[in-house]
Every structure is written in structure tokens, then in C-alpha cells.
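Text of coords_29.csv, listed as CSV, C-alpha atoms:
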chain,number,residue,atom,x,y,z
A,1,MET,CA,51.8,139.2,-50.1
A,2,ARG,CA,51.2,135.9,-48.6
A,3,GLY,CA,54.5,134.3,-49.4
A,4,PHE,CA,56.4,137.1,-47.7
A,5,GLU,CA,55.1,136.6,-44.2
A,6,ASN,CA,57.7,137.6,-41.6
A,7,THR,CA,60.0,139.1,-44.3
A,8,PRO,CA,59.4,142.9,-44.4
A,9,ILE,CA,62.8,143.8,-45.9
A,10,SER,CA,62.3,141.3,-48.8
A,11,GLN,CA,58.8,142.5,-49.3
A,12,LEU,CA,59.8,146.2,-49.3
A,13,ALA,CA,62.7,145.5,-51.7
A,14,LEU,CA,60.5,143.6,-54.1
A,15,ALA,CA,57.8,146.3,-54.0
A,16,ILE,CA,60.2,149.1,-54.6
A,17,THR,CA,61.9,147.2,-57.5
A,18,LEU,CA,58.7,146.3,-59.3
A,19,LEU,CA,57.0,149.7,-58.8
A,20,SER,CA,60.0,151.7,-59.8
A,21,THR,CA,60.6,149.6,-62.9
A,22,PHE,CA,57.0,150.2,-64.0
A,23,PHE,CA,56.9,153.9,-63.2
A,24,VAL,CA,60.4,155.1,-64.1
A,25,GLY,CA,59.8,154.7,-67.8
A,26,ASN,CA,61.9,157.0,-70.0
A,27,SER,CA,63.8,158.7,-67.2
A,28,ILE,CA,66.3,155.8,-67.0
A,29,GLN,CA,69.1,157.9,-68.4
A,30,HIS,CA,68.6,160.4,-65.5
A,31,LEU,CA,68.9,157.7,-62.8
A,32,SER,CA,71.5,155.2,-64.2
A,33,PHE,CA,75.0,154.5,-62.9
A,34,ASP,CA,77.0,156.9,-65.2
A,35,THR,CA,80.4,157.5,-63.7
A,36,ASN,CA,81.0,160.6,-65.9
A,37,ARG,CA,77.9,162.3,-64.4
A,38,ILE,CA,78.7,161.1,-60.9
A,39,VAL,CA,82.3,162.2,-60.8
A,40,ASN,CA,82.3,165.3,-63.0
A,41,HIS,CA,78.8,166.7,-62.3
A,42,GLY,CA,78.4,165.6,-58.6
A,43,GLU,CA,75.2,163.6,-59.2
A,44,TYR,CA,75.8,161.2,-56.3
A,45,TYR,CA,72.2,160.1,-56.1
A,46,ARG,CA,72.9,157.9,-59.1
A,47,LEU,CA,74.9,155.6,-56.8
A,48,LEU,CA,71.7,154.7,-55.1
A,49,THR,CA,69.0,155.0,-57.8
A,50,SER,CA,70.9,152.7,-60.2
A,51,HIS,CA,70.4,149.8,-57.7
A,52,ILE,CA,66.7,150.2,-57.3
A,53,PHE,CA,65.0,149.4,-60.7
A,54,PHE,CA,65.6,147.3,-63.8
A,55,THR,CA,65.4,148.6,-67.3
A,56,SER,CA,62.9,146.1,-68.6
A,57,VAL,CA,59.7,144.6,-67.2
A,58,PRO,CA,60.7,140.9,-68.0
A,59,GLN,CA,63.9,141.3,-66.2
A,60,SER,CA,62.2,142.7,-63.2
A,61,ILE,CA,59.7,139.8,-63.2
A,62,ILE,CA,62.6,137.3,-63.2
A,63,ALA,CA,64.2,139.3,-60.4
A,64,ALA,CA,60.9,139.1,-58.5
A,65,ILE,CA,61.0,135.3,-58.7
A,66,LEU,CA,64.5,135.3,-57.5
A,67,MET,CA,63.8,137.7,-54.6
A,68,HIS,CA,60.9,135.4,-53.7
A,69,GLN,CA,63.3,132.4,-53.6
A,70,PHE,CA,65.8,134.3,-51.4
A,71,ARG,CA,63.3,135.6,-48.9
A,72,GLN,CA,64.0,132.5,-46.8
A,73,PHE,CA,67.4,134.0,-45.7
A,74,GLU,CA,65.6,136.9,-44.1
A,75,ARG,CA,63.5,134.4,-42.1
A,76,GLN,CA,66.7,132.6,-41.0
A,77,MET,CA,68.8,135.7,-40.3
A,78,GLY,CA,66.2,138.0,-38.9
A,79,SER,CA,65.1,141.3,-40.5
A,80,ARG,CA,67.7,143.5,-38.8
A,81,LYS,CA,70.7,141.3,-39.7
A,82,PHE,CA,69.3,140.8,-43.2
A,83,ALA,CA,68.9,144.6,-43.8
A,84,THR,CA,72.4,145.2,-42.4
A,85,CYS,CA,73.8,142.6,-44.7
A,86,LEU,CA,72.1,144.1,-47.7
A,87,LEU,CA,73.2,147.6,-46.8
A,88,VAL,CA,76.8,146.5,-46.4
A,89,VAL,CA,76.6,144.6,-49.7
A,90,LEU,CA,75.1,147.6,-51.4
A,91,VAL,CA,78.0,149.9,-50.3
A,92,LEU,CA,80.7,147.3,-51.1
A,93,SER,CA,79.3,146.4,-54.5
A,94,THR,CA,78.9,150.1,-55.5
A,95,ILE,CA,82.5,150.7,-54.6
A,96,LEU,CA,83.6,147.6,-56.5
A,97,GLU,CA,81.5,148.7,-59.5
A,98,LEU,CA,83.2,152.0,-59.6
A,99,PHE,CA,86.6,150.3,-59.3
A,100,LEU,CA,85.8,147.8,-62.1
A,101,ILE,CA,84.5,150.5,-64.4
A,102,GLN,CA,87.6,152.6,-63.9
A,103,ALA,CA,89.8,149.5,-64.5
A,104,PHE,CA,88.0,148.6,-67.7
A,105,SER,CA,88.2,152.2,-69.0
A,106,LEU,CA,91.9,152.3,-68.3
A,107,ALA,CA,92.6,148.8,-69.8
A,108,TRP,CA,90.4,149.3,-72.9
A,109,PRO,CA,90.0,153.0,-73.6
A,110,ALA,CA,86.8,153.7,-75.5
A,111,SER,CA,86.0,156.8,-77.5
A,112,PRO,CA,85.6,160.0,-75.4
A,113,ASP,CA,81.9,160.0,-75.8
A,114,SER,CA,81.3,156.5,-74.6
A,115,VAL,CA,81.6,155.5,-71.0
A,116,TYR,CA,81.4,152.0,-69.4
A,117,ILE,CA,78.0,152.0,-67.7
A,118,PRO,CA,77.0,149.0,-65.6
A,119,ALA,CA,73.5,147.5,-65.8
A,120,VAL,CA,70.8,149.1,-63.8
A,121,GLY,CA,69.1,147.0,-61.1
A,122,PRO,CA,69.4,145.3,-57.8
A,123,TYR,CA,72.1,142.9,-58.9
A,124,TYR,CA,73.8,143.4,-55.5
A,125,TYR,CA,70.7,141.9,-53.8
A,126,ILE,CA,70.4,138.9,-56.1
A,127,PHE,CA,74.0,137.9,-56.6
A,128,ALA,CA,75.1,138.5,-53.0
A,129,LEU,CA,72.6,135.9,-51.8
A,130,LEU,CA,73.7,133.4,-54.4
A,131,PRO,CA,76.5,131.8,-52.4
A,132,MET,CA,74.2,131.4,-49.5
A,133,TYR,CA,71.6,129.8,-51.7
A,134,TYR,CA,74.2,127.4,-53.1
A,135,GLN,CA,75.5,126.5,-49.7
A,136,TYR,CA,72.5,126.2,-47.5
A,137,VAL,CA,69.5,125.3,-49.7
A,138,PRO,CA,69.6,121.5,-50.4
A,139,ALA,CA,68.7,120.1,-53.7
A,140,LEU,CA,65.6,118.1,-53.3
A,141,TYR,CA,64.8,115.2,-55.6
A,142,PRO,CA,67.9,115.5,-57.8
A,143,ARG,CA,67.8,113.4,-61.0
A,144,ARG,CA,70.7,112.4,-63.1
A,145,TYR,CA,70.5,112.3,-66.8
A,146,ALA,CA,73.2,110.8,-69.0
A,147,PHE,CA,73.6,111.9,-72.6
A,148,CYS,CA,73.7,109.0,-75.0
A,149,GLY,CA,74.2,106.6,-72.1
A,150,ILE,CA,77.7,107.9,-71.4
A,151,LYS,CA,78.4,108.3,-67.6
A,152,ALA,CA,80.9,111.1,-68.2
A,153,LEU,CA,78.2,113.2,-69.8
A,154,THR,CA,75.9,113.1,-66.8
A,155,LEU,CA,73.8,116.1,-65.8
A,156,THR,CA,72.2,116.4,-62.3
A,157,VAL,CA,68.9,118.4,-62.4
A,158,SER,CA,66.9,119.5,-59.4
A,159,GLU,CA,64.5,122.3,-58.5
A,160,LYS,CA,67.6,124.5,-57.9
A,161,THR,CA,68.4,124.2,-61.6
A,162,PHE,CA,65.5,126.5,-62.5
A,163,THR,CA,66.8,129.2,-60.1
A,164,TYR,CA,70.3,128.9,-61.6
A,165,ALA,CA,68.9,129.3,-65.1
A,166,LEU,CA,67.0,132.4,-64.0
A,167,LEU,CA,70.2,133.8,-62.4
A,168,LEU,CA,72.1,133.1,-65.6
A,169,GLU,CA,69.4,134.9,-67.7
A,170,VAL,CA,69.6,138.0,-65.5
A,171,LEU,CA,73.4,138.0,-65.6
A,172,LEU,CA,73.5,137.7,-69.4
A,173,GLU,CA,70.6,140.1,-70.1
A,174,SER,CA,72.8,143.2,-70.8
A,175,ARG,CA,76.0,141.4,-71.6
A,176,SER,CA,79.1,143.0,-70.2
A,177,ALA,CA,77.2,145.7,-68.3
A,178,SER,CA,75.3,143.1,-66.2
A,179,LEU,CA,78.4,141.0,-65.8
A,180,ILE,CA,80.1,144.0,-64.1
A,181,SER,CA,77.1,144.5,-61.8
A,182,GLY,CA,76.5,140.8,-61.1
A,183,GLY,CA,80.2,140.2,-60.5
A,184,ALA,CA,80.3,143.1,-58.0
A,185,GLY,CA,77.3,141.7,-56.1
A,186,LEU,CA,78.8,138.2,-56.1
A,187,LEU,CA,82.2,139.3,-54.8
Could you render the structure as C-alpha cells?
Amino acid sequence: MRGFENTPISQLALAITLLSTFFVGNSIQHLSFDTNRIVNHGEYYRLLTSHIFFTSVPQSIIAAILMHQFRQFERQMGSRKFATCLLVVLVLSTILELFLIQAFSLAWPASPDSVYIPAVGPYYYIFALLPMYYQYVPALYPRRYAFCGIKALTLTVSEKTFTYALLLEVLLESRSASLISGGAGLL
């Protein structure tokens, strides 16, 4: 992959995400983040497998575009520091997801058969790098657009707007489930 020169961690994460999304198919229910199966049946592998693949191909393609955007942080940080950062974020976001799911199930009890299940995918990767993207990547060629000539209704658009739109689409893909996963990655 030409655009991923000197970024082996980003390249590996992208390849694993895309390949697993295409090949997992119907076995999503056996690999998803189901707290009932994790706690009661001891299926701890779900803590890791739920962060590897997305449930739909369009969502994984959008995530691939975002991973391509965020590869620059690996170049700036170095591969070891970047991998360590992602590993720490993976552990912390998984713990936070477990906490949020338990908090939601206590606050809004559902029927005994239904369980709060967060969205499946590397949300930790994408949303953990969002603050760095916001802070360190400058907006090149920003343009201001005013609606109906009113200065109070001015919108600034740059090339970063497309990235934010993709992030919003990934976040709202699965409604509350992806909000839990994205929020855990962002925090």
C-alpha cells in the first residue's frame, strides 16, 4: 500500500479490519461484544474480537478512509509509541464500554432477553485519534459561507469537514450502540 509507507501498525490495523469484515460474514453473533456471554459463559475472547471488524462493508470502507487519514500520527509518533498508545486505548475503552453497558442496564432495565450490546468495530482506534486530528492537523484553505447573507449563520468549510462528516456517519451508523463504542474510544 503506497500511502502507508513507514506506517506498519496502521497498515496492519487496516488490513485486519478489512479482511475480517469481508470474511467474518454470518459469525458476527459469535464474536460480538455480548456482556452476558462474556460474564456468564467466560467467553473473554469477545473482548478482543469485537474490536477487530465492522458489521457492514460500507462502514468498513469509511473506516478505511479514516484510518488512512490518521496514519500520519504513526509517522509523527513512531510505530512503537503508536502501537502502545493504541493498546492502552483498547484496554481502557473496553473497560469503559463494560462500565457504560452496566450503567445503562441498571439505569434503564430492559427485558431479560435483551442486553445492551455495543457496536462491533475498531471505534477505539478511530475515535481515540480524533482529538489529535482536531488539535494538530491544520485546516487548509478554509472557506466561510454565510446563509442568506447573515454573518451569524456563517459556516466554515475546509478539507477537514469531509473527515468530520465521515466520523459522524460512523458514529451514527448503529445509533446508541455505536454511540457507546465511539464515546468509549473518545474518552
Worksheet entry | Which of A:Val170, A:Leu48, A:Val137, A:Leu186 sits closest to Gln72 in chain A [using all atoms listed in the file] |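 Counting all atoms listed in the file, the residue closest to Gln72 in chain A is A:Val137.
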Item to complete: Using all atoms listed in the file, determine which residues lie at most 12 Å from Leu168 in chain A, disregarding the query and same-chain residues fewer than 5 positions distant; provide the list as number ranges by chain.
Response: A: 59, 62-63, 66, 123, 126-127, 130, 161-163, 173-175, 178-179, 182-183
Using C-alpha atoms, can you write the selected residues to a file as an mmCIF file, in the frame of the given file?
data_model
loop_
_atom_site.group_PDB
_atom_site.id
_atom_site.type_symbol
_atom_site.label_atom_id
_atom_site.label_comp_id
_atom_site.auth_asym_id
_atom_site.auth_seq_id
_atom_site.Cartn_x
_atom_site.Cartn_y
_atom_site.Cartn_z
ATOM 1 C CA GLN A 59 63.900 141.300 -66.200
ATOM 2 C CA ILE A 62 62.600 137.300 -63.200
ATOM 3 C CA ALA A 63 64.200 139.300 -60.400
ATOM 4 C CA LEU A 66 64.500 135.300 -57.500
ATOM 5 C CA TYR A 123 72.100 142.900 -58.900
ATOM 6 C CA ILE A 126 70.400 138.900 -56.100
ATOM 7 C CA PHE A 127 74.000 137.900 -56.600
ATOM 8 C CA LEU A 130 73.700 133.400 -54.400
ATOM 9 C CA THR A 161 68.400 124.200 -61.600
ATOM 10 C CA PHE A 162 65.500 126.500 -62.500
ATOM 11 C CA THR A 163 66.800 129.200 -60.100
ATOM 12 C CA GLU A 173 70.600 140.100 -70.100
ATOM 13 C CA SER A 174 72.800 143.200 -70.800
ATOM 14 C CA ARG A 175 76.000 141.400 -71.600
ATOM 15 C CA SER A 178 75.300 143.100 -66.200
ATOM 16 C CA LEU A 179 78.400 141.000 -65.800
ATOM 17 C CA GLY A 182 76.500 140.800 -61.100
ATOM 18 C CA GLY A 183 80.200 140.200 -60.500
#
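Excluding Tyr45 in chain A itself and same-chain residues fewer than 3 positions from it, the residues having an atom within 12 Å of it are His30, Leu31, Ser32, Phe33, Asp34, Thr35, Arg37, Ile38, Val39, His41, Gly42, Leu48, Thr49, Ser50, His51 and Ile52 of chain A, counting all atoms listed in the file.
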Practice prompt. Using only C-alpha atoms, pick whichever of A:Gln135, A:Thr156, A:Gln102, A:Ser93 has the shortest atom-to-atom distance to Pro122 in chain A.
Written response: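 Checking each candidate against Pro122 in chain A, we get A:Ser93 as the closest.
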Worksheet item: How many Å separate CA of His68 in chain A from CA of Thr17 in chain A?
Response: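 Atom-to-atom, CA of His68 in chain A to CA of Thr17 in chain A, that is 12.4 Å.
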Worksheet item: What is the CA of Arg71 in chain A to CA of Pro8 in chain A distance in Å?
Response: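 Taking CA of Arg71 in chain A as the start and CA of Pro8 in chain A as the end point, the length is 9.4 Å.
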Item to complete: Please indicate the distance in Å from CA of Val89 in chain A to CA of Leu129 in chain A, rounded to one decimal place.
Response: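 Interatomic distance, CA of Val89 in chain A to CA of Leu129 in chain A: 9.8 Å.
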Worksheet item: Which one of A:Val24, A:Met77, A:Ala83, A:Leu153 sits closest to Val57 in chain A if you count all atoms listed in the file?
Response: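 Using all atoms listed in the file, Val57 in chain A sits closest to A:Val24.
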Discussion item. Ranking A:Ile61, A:Met132, A:Ala139, A:Ile180 by minimum distance to Ala103 in chain A and counting all atoms listed in the file, which one comes first?
Written reply: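 The shortest atom-to-atom distance to Ala103 in chain A comes from A:Ile180.
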Item to complete: Between A:Gly185, A:Leu106, A:Ser56, A:Ala64, single out the one closest to Phe23 in chain A, counting only C-alpha atoms.
Response: A:Ser56
Discussion item. Please list as a PyMOL selection string every residue within 7 Å of Phe54 in chain A, counting only C-alpha atoms and excluding residues in the same chain fewer than 4 positions away.
Written reply: chain A and resi 21+59-60+120-121
Worksheet item: Looking at A:Thr7, A:Leu98, A:Lys151, A:Ala107, which one is nearest to Gln76 in chain A, with distances taken over all atoms listed in the file?
Response: A:Thr7
Practice prompt. Excluding Arg143 in chain A and any residue of its chain fewer than 3 positions from it, enumerate the residues within 9 Å of it, using all atoms listed in the file, and give them as a PyMOL selection string.
Written response: chain A and resi 155-158
Got time to write the residues from that selection, C-alpha atoms, as a PDB file, in the coordinates of the input?
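The resulting file, again07.pdb, is reproduced below:
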ATOM      1  CA  LEU A 155      73.800 116.100 -65.800  1.00  0.00           C
ATOM      2  CA  THR A 156      72.200 116.400 -62.300  1.00  0.00           C
ATOM      3  CA  VAL A 157      68.900 118.400 -62.400  1.00  0.00           C
ATOM      4  CA  SER A 158      66.900 119.500 -59.400  1.00  0.00           C
TER       5      SER A 158
END
